[in-house]
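Here is the structure we will look at, set down as structure tokens.
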Amino acid sequence: MTRAPELVDEGWDNVTFRVGTEHAIRLPRRHAAVQLLENEQRWLPVLQSWIQLDVPTPVFRGQASDLFGWPWSVVTWVPGRTVEGRPLDGASARTLAAALRSLHRSAPVDAPTNPFRGIPLLERREVVEPRLARHGLGQLAETWARAIASPASRDRVWLHGDLHPRNVVCHEGGLRGIIDWGDLCAGDPATDLACAWTLFEAPERKVLLGTYGASNEERVRAAGWAVNFASGLVASAEPRHVPMGWDIVRRLSEPRSEATDHD
């Protein structure tokens, strides 16, 4: 019997339906997401070969039509469940660190850019600082100030750009895949290293940053990117995102949260 399409999830940019046992359909929800989908279609077949984790690789490019007015994708299905509300262990931290090391290689000149990811943190100042004031997040001000005072990255590497719990998948007790690559771009690797706070508690955070080999400057900037993501999630008013934002706030507020030590 043919399996009917099953709604899996919908975010700000896309909605995903599972079809059969091995594929999913990914549809943009708004015009701004079309370019993001096209970036996935062009670059994910290249990037997936470097990463020892499953990714939803595009296998068919749907064209705009009278039935659906924007391009769309058929992608490979990543089995498992997102880690939203689920603790990740040290083994998952090591696995993700290795995957990010493999991903973070120099990007070509025609790699996509993203005005919200991979950029110097100072360019986020006019957005982040009002959020901190408006939502009572003054406890993050010192972490943010150190991050924007840190030298900007000279690296231009491939990034996922949005490593939060709804975009990371576990299966059978282990980290299995990374989904939703719409924000993939070239830029500062600290953007992705913010996952040390978006995904992990303190002991596992230390494992991830140590296994990756993050420098002190990368760790400070990564904490700044985590402030950026936390403030955005808290400000979103989206029922599933706000709790994730407050989890990041809590982690950033813990002693030694910037993990600048190399113990």
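Numbering starts fresh at 1 for the residues of each chain in the structure tokens, the chains themselves are lettered A, B, ... in the order given, and ligands are numbered from 1 as they appear.
Near Gly177 (chain A), within 12 Å and counting only C-alpha atoms, sit A:Gln48, A:Ile51, A:Gln52, A:Leu53, A:Asp54, A:Val55, A:Pro56, A:Thr57, A:Thr76, A:Trp77, A:Val78, A:Pro79, A:Gly80, A:Arg81, A:Thr82, A:Val83, A:Ser92, A:Thr95, A:Leu96, A:Ala99, A:Leu100, A:Leu163, A:Pro165, A:Arg166, A:Asn167, A:Val168, A:Val169, A:Cys170, A:His171; same-chain residues fewer than 6 positions away were not included.
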Keeping only N, CA and C atoms, take the residues you just selected and write them out as a PDB file, in the first residue's frame.
ATOM      1  N   GLN A  48      27.295  16.891   1.959  1.00  0.00           N
ATOM      2  CA  GLN A  48      26.942  15.666   2.681  1.00  0.00           C
ATOM      3  C   GLN A  48      28.026  14.606   2.599  1.00  0.00           C
ATOM      4  N   ILE A  51      30.486  14.776   5.735  1.00  0.00           N
ATOM      5  CA  ILE A  51      29.994  14.725   7.110  1.00  0.00           C
ATOM      6  C   ILE A  51      29.589  13.299   7.457  1.00  0.00           C
ATOM      7  N   GLN A  52      30.040  12.816   8.599  1.00  0.00           N
ATOM      8  CA  GLN A  52      29.713  11.450   9.014  1.00  0.00           C
ATOM      9  C   GLN A  52      28.365  11.401   9.748  1.00  0.00           C
ATOM     10  N   LEU A  53      27.413  12.165   9.250  1.00  0.00           N
ATOM     11  CA  LEU A  53      26.056  12.170   9.778  1.00  0.00           C
ATOM     12  C   LEU A  53      25.098  12.248   8.598  1.00  0.00           C
ATOM     13  N   ASP A  54      23.857  11.797   8.801  1.00  0.00           N
ATOM     14  CA  ASP A  54      22.866  11.872   7.733  1.00  0.00           C
ATOM     15  C   ASP A  54      22.393  13.310   7.554  1.00  0.00           C
ATOM     16  N   VAL A  55      22.164  13.683   6.299  1.00  0.00           N
ATOM     17  CA  VAL A  55      21.557  14.975   5.990  1.00  0.00           C
ATOM     18  C   VAL A  55      20.464  14.728   4.947  1.00  0.00           C
ATOM     19  N   PRO A  56      19.452  15.590   4.893  1.00  0.00           N
ATOM     20  CA  PRO A  56      18.363  15.411   3.917  1.00  0.00           C
ATOM     21  C   PRO A  56      18.797  15.893   2.525  1.00  0.00           C
ATOM     22  N   THR A  57      19.506  15.031   1.818  1.00  0.00           N
ATOM     23  CA  THR A  57      20.089  15.408   0.533  1.00  0.00           C
ATOM     24  C   THR A  57      19.022  15.495  -0.548  1.00  0.00           C
ATOM     25  N   THR A  76      16.255  12.996   0.874  1.00  0.00           N
ATOM     26  CA  THR A  76      16.356  11.735   1.599  1.00  0.00           C
ATOM     27  C   THR A  76      15.849  11.915   3.029  1.00  0.00           C
ATOM     28  N   TRP A  77      15.216  10.878   3.548  1.00  0.00           N
ATOM     29  CA  TRP A  77      14.654  10.920   4.891  1.00  0.00           C
ATOM     30  C   TRP A  77      15.745  10.594   5.915  1.00  0.00           C
ATOM     31  N   VAL A  78      15.835  11.396   6.969  1.00  0.00           N
ATOM     32  CA  VAL A  78      16.768  11.139   8.068  1.00  0.00           C
ATOM     33  C   VAL A  78      15.977  10.490   9.203  1.00  0.00           C
ATOM     34  N   PRO A  79      16.200   9.203   9.493  1.00  0.00           N
ATOM     35  CA  PRO A  79      15.410   8.521  10.523  1.00  0.00           C
ATOM     36  C   PRO A  79      15.758   9.006  11.921  1.00  0.00           C
ATOM     37  N   GLY A  80      14.773   8.970  12.795  1.00  0.00           N
ATOM     38  CA  GLY A  80      14.985   9.340  14.179  1.00  0.00           C
ATOM     39  C   GLY A  80      14.066  10.466  14.605  1.00  0.00           C
ATOM     40  N   ARG A  81      14.395  11.089  15.731  1.00  0.00           N
ATOM     41  CA  ARG A  81      13.604  12.178  16.279  1.00  0.00           C
ATOM     42  C   ARG A  81      14.528  13.332  16.640  1.00  0.00           C
ATOM     43  N   THR A  82      14.017  14.531  16.524  1.00  0.00           N
ATOM     44  CA  THR A  82      14.832  15.676  16.910  1.00  0.00           C
ATOM     45  C   THR A  82      15.105  15.632  18.412  1.00  0.00           C
ATOM     46  N   VAL A  83      16.152  16.348  18.827  1.00  0.00           N
ATOM     47  CA  VAL A  83      16.583  16.268  20.218  1.00  0.00           C
ATOM     48  C   VAL A  83      15.923  17.344  21.080  1.00  0.00           C
ATOM     49  N   SER A  92      27.612  12.065  21.884  1.00  0.00           N
ATOM     50  CA  SER A  92      26.992  12.919  20.869  1.00  0.00           C
ATOM     51  C   SER A  92      27.806  14.187  20.653  1.00  0.00           C
ATOM     52  N   THR A  95      30.726  13.253  18.493  1.00  0.00           N
ATOM     53  CA  THR A  95      30.285  12.996  17.119  1.00  0.00           C
ATOM     54  C   THR A  95      30.013  14.303  16.385  1.00  0.00           C
ATOM     55  N   LEU A  96      29.318  15.219  17.049  1.00  0.00           N
ATOM     56  CA  LEU A  96      28.998  16.486  16.403  1.00  0.00           C
ATOM     57  C   LEU A  96      30.247  17.315  16.180  1.00  0.00           C
ATOM     58  N   ALA A  99      31.870  16.055  13.109  1.00  0.00           N
ATOM     59  CA  ALA A  99      31.113  16.439  11.919  1.00  0.00           C
ATOM     60  C   ALA A  99      31.356  17.905  11.568  1.00  0.00           C
ATOM     61  N   LEU A 100      31.402  18.774  12.582  1.00  0.00           N
ATOM     62  CA  LEU A 100      31.644  20.185  12.311  1.00  0.00           C
ATOM     63  C   LEU A 100      33.062  20.414  11.813  1.00  0.00           C
ATOM     64  N   LEU A 163      22.087  25.497  14.253  1.00  0.00           N
ATOM     65  CA  LEU A 163      22.170  24.244  15.008  1.00  0.00           C
ATOM     66  C   LEU A 163      21.453  24.371  16.350  1.00  0.00           C
ATOM     67  N   PRO A 165      17.968  22.523  18.753  1.00  0.00           N
ATOM     68  CA  PRO A 165      17.458  21.167  18.966  1.00  0.00           C
ATOM     69  C   PRO A 165      16.466  20.654  17.935  1.00  0.00           C
ATOM     70  N   ARG A 166      15.759  21.523  17.229  1.00  0.00           N
ATOM     71  CA  ARG A 166      14.804  21.043  16.231  1.00  0.00           C
ATOM     72  C   ARG A 166      15.490  20.651  14.923  1.00  0.00           C
ATOM     73  N   ASN A 167      16.791  20.908  14.824  1.00  0.00           N
ATOM     74  CA  ASN A 167      17.515  20.602  13.587  1.00  0.00           C
ATOM     75  C   ASN A 167      18.569  19.508  13.758  1.00  0.00           C
ATOM     76  N   VAL A 168      18.568  18.852  14.908  1.00  0.00           N
ATOM     77  CA  VAL A 168      19.518  17.772  15.174  1.00  0.00           C
ATOM     78  C   VAL A 168      18.711  16.521  15.515  1.00  0.00           C
ATOM     79  N   VAL A 169      19.095  15.381  14.929  1.00  0.00           N
ATOM     80  CA  VAL A 169      18.304  14.152  15.021  1.00  0.00           C
ATOM     81  C   VAL A 169      19.120  13.040  15.673  1.00  0.00           C
ATOM     82  N   CYS A 170      18.485  12.353  16.641  1.00  0.00           N
ATOM     83  CA  CYS A 170      19.064  11.158  17.249  1.00  0.00           C
ATOM     84  C   CYS A 170      18.245   9.939  16.847  1.00  0.00           C
ATOM     85  N   HIS A 171      18.903   8.788  16.806  1.00  0.00           N
ATOM     86  CA  HIS A 171      18.224   7.546  16.456  1.00  0.00           C
ATOM     87  C   HIS A 171      18.932   6.399  17.156  1.00  0.00           C
TER      88      HIS A 171
END
Spatial neighbours of region 149-151 of chain A, 9 Å, only C-alpha atoms, chain gap at least 3 places, as a list in words
Pro120, Leu122, Trp144, Ala145, Arg146, Arg154, Glu217, Glu218, Val220 and Arg221 of chain A
May I have the residues from that selection written out with N, CA and C atoms, as a PDB file, in the first residue's frame?
ATOM      1  N   PRO A 120      30.563  39.199  10.995  1.00  0.00           N
ATOM      2  CA  PRO A 120      31.109  39.756  12.239  1.00  0.00           C
ATOM      3  C   PRO A 120      29.979  40.076  13.221  1.00  0.00           C
ATOM      4  N   LEU A 122      29.615  42.258  15.390  1.00  0.00           N
ATOM      5  CA  LEU A 122      29.263  43.676  15.513  1.00  0.00           C
ATOM      6  C   LEU A 122      28.088  44.046  14.617  1.00  0.00           C
ATOM      7  N   TRP A 144      28.068  39.095  25.823  1.00  0.00           N
ATOM      8  CA  TRP A 144      27.920  39.740  24.524  1.00  0.00           C
ATOM      9  C   TRP A 144      29.020  40.782  24.294  1.00  0.00           C
ATOM     10  N   ALA A 145      29.306  41.588  25.311  1.00  0.00           N
ATOM     11  CA  ALA A 145      30.326  42.630  25.163  1.00  0.00           C
ATOM     12  C   ALA A 145      31.691  42.028  24.863  1.00  0.00           C
ATOM     13  N   ARG A 146      32.047  40.944  25.547  1.00  0.00           N
ATOM     14  CA  ARG A 146      33.327  40.288  25.266  1.00  0.00           C
ATOM     15  C   ARG A 146      33.365  39.747  23.847  1.00  0.00           C
ATOM     16  N   ARG A 154      38.805  35.617  10.499  1.00  0.00           N
ATOM     17  CA  ARG A 154      39.296  35.760   9.128  1.00  0.00           C
ATOM     18  C   ARG A 154      38.930  34.533   8.283  1.00  0.00           C
ATOM     19  N   GLU A 217      39.479  32.513  21.200  1.00  0.00           N
ATOM     20  CA  GLU A 217      38.712  33.531  20.477  1.00  0.00           C
ATOM     21  C   GLU A 217      37.455  32.926  19.861  1.00  0.00           C
ATOM     22  N   GLU A 218      37.557  31.710  19.323  1.00  0.00           N
ATOM     23  CA  GLU A 218      36.362  31.062  18.771  1.00  0.00           C
ATOM     24  C   GLU A 218      35.337  30.789  19.859  1.00  0.00           C
ATOM     25  N   VAL A 220      34.855  32.486  22.658  1.00  0.00           N
ATOM     26  CA  VAL A 220      34.238  33.748  23.069  1.00  0.00           C
ATOM     27  C   VAL A 220      33.222  34.200  22.025  1.00  0.00           C
ATOM     28  N   ARG A 221      33.588  34.121  20.738  1.00  0.00           N
ATOM     29  CA  ARG A 221      32.637  34.502  19.685  1.00  0.00           C
ATOM     30  C   ARG A 221      31.458  33.536  19.652  1.00  0.00           C
TER      31      ARG A 221
END
One decimal, Å: what's the distance from CA of Pro115 (chain A) over to CA of Ala223 (chain A), could you say?
19.0 Å
Using only C-alpha atoms, can you tell me which of A:Glu84, A:Glu40, A:Asp89, A:Asp13 comes closest to Gly174 (chain A)?
A:Asp89
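Minimum atom-to-atom distances from A:Asp188, A:Trp12, A:Thr143, A:Gly182 to Glu254 (chain A) were compared using only C-alpha atoms, and the lowest value belongs to A:Thr143.
For Pro189 (chain A), the residues within 8 Å (counting only C-alpha atoms, excluding itself and residues fewer than 2 positions away along the chain) are A:His104, A:Gly118, A:Asp155, A:Arg156, A:Val157, A:Trp158, A:Leu159, A:Gly187, A:Thr191, A:Asp192, A:Leu193, A:Glu218.
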Since we have the selection now, will you write its residues out, keeping N, CA and C atoms, as an mmCIF file, in the first residue's frame?
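Below you can see result10.cif, which holds the result:
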data_model
loop_
_atom_site.group_PDB
_atom_site.id
_atom_site.type_symbol
_atom_site.label_atom_id
_atom_site.label_comp_id
_atom_site.auth_asym_id
_atom_site.auth_seq_id
_atom_site.Cartn_x
_atom_site.Cartn_y
_atom_site.Cartn_z
ATOM 1 N N HIS A 104 33.594 22.344 8.369
ATOM 2 C CA HIS A 104 34.201 23.679 8.397
ATOM 3 C C HIS A 104 35.496 23.720 7.594
ATOM 4 N N GLY A 118 27.285 33.855 10.228
ATOM 5 C CA GLY A 118 28.657 33.841 9.748
ATOM 6 C C GLY A 118 29.320 35.194 9.628
ATOM 7 N N ASP A 155 38.323 33.542 8.928
ATOM 8 C CA ASP A 155 37.969 32.310 8.223
ATOM 9 C C ASP A 155 36.679 32.498 7.441
ATOM 10 N N ARG A 156 36.593 31.793 6.343
ATOM 11 C CA ARG A 156 35.359 31.762 5.551
ATOM 12 C C ARG A 156 35.113 30.300 5.212
ATOM 13 N N VAL A 157 34.446 29.607 6.137
ATOM 14 C CA VAL A 157 34.248 28.164 6.004
ATOM 15 C C VAL A 157 32.768 27.869 5.828
ATOM 16 N N TRP A 158 32.476 26.638 5.394
ATOM 17 C CA TRP A 158 31.086 26.211 5.261
ATOM 18 C C TRP A 158 30.433 26.099 6.638
ATOM 19 N N LEU A 159 29.190 26.565 6.725
ATOM 20 C CA LEU A 159 28.430 26.525 7.972
ATOM 21 C C LEU A 159 27.060 25.908 7.748
ATOM 22 N N GLY A 187 31.287 31.505 6.301
ATOM 23 C CA GLY A 187 31.536 32.535 7.296
ATOM 24 C C GLY A 187 32.282 32.012 8.506
ATOM 25 N N THR A 191 29.802 30.641 14.528
ATOM 26 C CA THR A 191 28.346 30.606 14.383
ATOM 27 C C THR A 191 27.812 29.224 14.721
ATOM 28 N N ASP A 192 28.436 28.195 14.160
ATOM 29 C CA ASP A 192 28.012 26.822 14.440
ATOM 30 C C ASP A 192 28.437 26.361 15.829
ATOM 31 N N LEU A 193 29.584 26.849 16.313
ATOM 32 C CA LEU A 193 30.051 26.425 17.633
ATOM 33 C C LEU A 193 29.157 26.940 18.754
ATOM 34 N N GLU A 218 37.557 31.710 19.323
ATOM 35 C CA GLU A 218 36.362 31.062 18.771
ATOM 36 C C GLU A 218 35.337 30.789 19.859
#
In Å, how far is it from CA of Leu208 (chain A) to CA of Val109 (chain A)?
29.0 Å
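One finds CA of Val234 (chain A) at 9.6 Å from CA of Leu137 (chain A).
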Which residue is closest to Glu126 (chain A)? Choose from A:Ser65, A:Ile148, A:Glu238, A:Pro255 and count only C-alpha atoms.
A:Ile148
Please report as a Markdown table every residue of region 85-150 of chain A lying within 12 Å of region 29-38 of chain A, along with the nearest atom pair and their distance in Å (one decimal), using only C-alpha atoms.
| residue | atom | partner | partner_atom | distance |
| --- | --- | --- | --- | --- |
| A:Pro112 | CA | A:Leu36 | CA | 9.2 |
| A:Thr113 | CA | A:Leu36 | CA | 10.4 |
| A:Asn114 | CA | A:Leu36 | CA | 9.5 |
Enumerate, as a VMD selection string, the complete set of residues in region 42-252 of chain A that a backbone-based DSSP assignment places in strand (DSSP E or B).
chain A and resid 54 58 to 62 72 to 76 81 to 82 106 157 to 159 168 to 171 174 to 178 185 to 187
Kindly save the residues from that selection, with N, CA and C atoms included, as a JSON list (two decimals), in the first residue's frame.
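Wrote selection.json, looks like this:
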[["chain", "number", "residue", "atom", "x", "y", "z"],
["A", 54, "ASP", "N", 23.86, 11.80, 8.80],
["A", 54, "ASP", "CA", 22.87, 11.87, 7.73],
["A", 54, "ASP", "C", 22.39, 13.31, 7.55],
["A", 58, "PRO", "N", 18.96, 16.60, -1.29],
["A", 58, "PRO", "CA", 17.98, 16.71, -2.39],
["A", 58, "PRO", "C", 18.25, 15.68, -3.49],
["A", 59, "VAL", "N", 17.21, 14.97, -3.89],
["A", 59, "VAL", "CA", 17.33, 13.98, -4.96],
["A", 59, "VAL", "C", 16.45, 14.34, -6.16],
["A", 60, "PHE", "N", 15.58, 15.35, -5.98],
["A", 60, "PHE", "CA", 14.70, 15.79, -7.08],
["A", 60, "PHE", "C", 14.35, 17.25, -6.85],
["A", 61, "ARG", "N", 14.42, 18.02, -7.94],
["A", 61, "ARG", "CA", 14.08, 19.44, -7.86],
["A", 61, "ARG", "C", 12.72, 19.67, -8.50],
["A", 62, "GLY", "N", 11.74, 20.00, -7.69],
["A", 62, "GLY", "CA", 10.42, 20.31, -8.22],
["A", 62, "GLY", "C", 10.38, 21.73, -8.75],
["A", 72, "TRP", "N", 10.52, 23.37, -5.19],
["A", 72, "TRP", "CA", 10.45, 22.51, -4.02],
["A", 72, "TRP", "C", 11.41, 21.35, -4.20],
["A", 73, "SER", "N", 11.60, 20.56, -3.15],
["A", 73, "SER", "CA", 12.58, 19.47, -3.19],
["A", 73, "SER", "C", 12.00, 18.16, -2.68],
["A", 74, "VAL", "N", 12.47, 17.06, -3.26],
["A", 74, "VAL", "CA", 12.38, 15.74, -2.63],
["A", 74, "VAL", "C", 13.76, 15.45, -2.06],
["A", 75, "VAL", "N", 13.80, 15.08, -0.78],
["A", 75, "VAL", "CA", 15.07, 14.86, -0.09],
["A", 75, "VAL", "C", 15.07, 13.48, 0.56],
["A", 76, "THR", "N", 16.25, 13.00, 0.87],
["A", 76, "THR", "CA", 16.36, 11.74, 1.60],
["A", 76, "THR", "C", 15.85, 11.91, 3.03],
["A", 81, "ARG", "N", 14.40, 11.09, 15.73],
["A", 81, "ARG", "CA", 13.60, 12.18, 16.28],
["A", 81, "ARG", "C", 14.53, 13.33, 16.64],
["A", 82, "THR", "N", 14.02, 14.53, 16.52],
["A", 82, "THR", "CA", 14.83, 15.68, 16.91],
["A", 82, "THR", "C", 15.11, 15.63, 18.41],
["A", 106, "SER", "N", 37.34, 25.44, 3.95],
["A", 106, "SER", "CA", 37.25, 26.69, 3.19],
["A", 106, "SER", "C", 36.18, 26.59, 2.11],
["A", 157, "VAL", "N", 34.45, 29.61, 6.14],
["A", 157, "VAL", "CA", 34.25, 28.16, 6.00],
["A", 157, "VAL", "C", 32.77, 27.87, 5.83],
["A", 158, "TRP", "N", 32.48, 26.64, 5.39],
["A", 158, "TRP", "CA", 31.09, 26.21, 5.26],
["A", 158, "TRP", "C", 30.43, 26.10, 6.64],
["A", 159, "LEU", "N", 29.19, 26.57, 6.72],
["A", 159, "LEU", "CA", 28.43, 26.53, 7.97],
["A", 159, "LEU", "C", 27.06, 25.91, 7.75],
["A", 168, "VAL", "N", 18.57, 18.85, 14.91],
["A", 168, "VAL", "CA", 19.52, 17.77, 15.17],
["A", 168, "VAL", "C", 18.71, 16.52, 15.52],
["A", 169, "VAL", "N", 19.10, 15.38, 14.93],
["A", 169, "VAL", "CA", 18.30, 14.15, 15.02],
["A", 169, "VAL", "C", 19.12, 13.04, 15.67],
["A", 170, "CYS", "N", 18.48, 12.35, 16.64],
["A", 170, "CYS", "CA", 19.06, 11.16, 17.25],
["A", 170, "CYS", "C", 18.24, 9.94, 16.85],
["A", 171, "HIS", "N", 18.90, 8.79, 16.81],
["A", 171, "HIS", "CA", 18.22, 7.55, 16.46],
["A", 171, "HIS", "C", 18.93, 6.40, 17.16],
["A", 174, "GLY", "N", 21.83, 7.34, 19.57],
["A", 174, "GLY", "CA", 23.00, 8.08, 19.15],
["A", 174, "GLY", "C", 22.64, 9.22, 18.21],
["A", 175, "LEU", "N", 23.56, 10.16, 18.07],
["A", 175, "LEU", "CA", 23.36, 11.26, 17.14],
["A", 175, "LEU", "C", 23.36, 10.71, 15.72],
["A", 176, "ARG", "N", 22.32, 11.04, 14.95],
["A", 176, "ARG", "CA", 22.17, 10.43, 13.63],
["A", 176, "ARG", "C", 22.30, 11.43, 12.47],
["A", 177, "GLY", "N", 21.74, 12.64, 12.64],
["A", 177, "GLY", "CA", 21.74, 13.53, 11.48],
["A", 177, "GLY", "C", 21.52, 14.99, 11.85],
["A", 178, "ILE", "N", 21.72, 15.83, 10.84],
["A", 178, "ILE", "CA", 21.47, 17.26, 10.93],
["A", 178, "ILE", "C", 20.54, 17.64, 9.79],
["A", 185, "CYS", "N", 25.83, 28.52, 4.60],
["A", 185, "CYS", "CA", 26.52, 29.68, 4.04],
["A", 185, "CYS", "C", 28.00, 29.56, 4.38],
["A", 186, "ALA", "N", 28.77, 30.56, 3.96],
["A", 186, "ALA", "CA", 30.18, 30.64, 4.31],
["A", 186, "ALA", "C", 30.37, 31.74, 5.34],
["A", 187, "GLY", "N", 31.29, 31.51, 6.30],
["A", 187, "GLY", "CA", 31.54, 32.54, 7.30],
["A", 187, "GLY", "C", 32.28, 32.01, 8.51]]
List as an MDAnalysis selection string the protein and nucleic acid residues near Leu88 (chain A), meaning an atom at most 8 Å away when only C-alpha atoms are counted, but skip any in the same chain fewer than 5 places from it.
chainID A and resid 83 93 199:200 204
Find the residue from A:Ser215, A:Arg251, A:His164, A:Asp66 that sits nearest to Ala202 (chain A); use only C-alpha atoms when measuring.
A:Arg251
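If only C-alpha atoms are the atoms counted, then among A:Ala141, A:Ala152, A:Val128, A:Ala98 the closest residue to Phe229 (chain A) is A:Val128.
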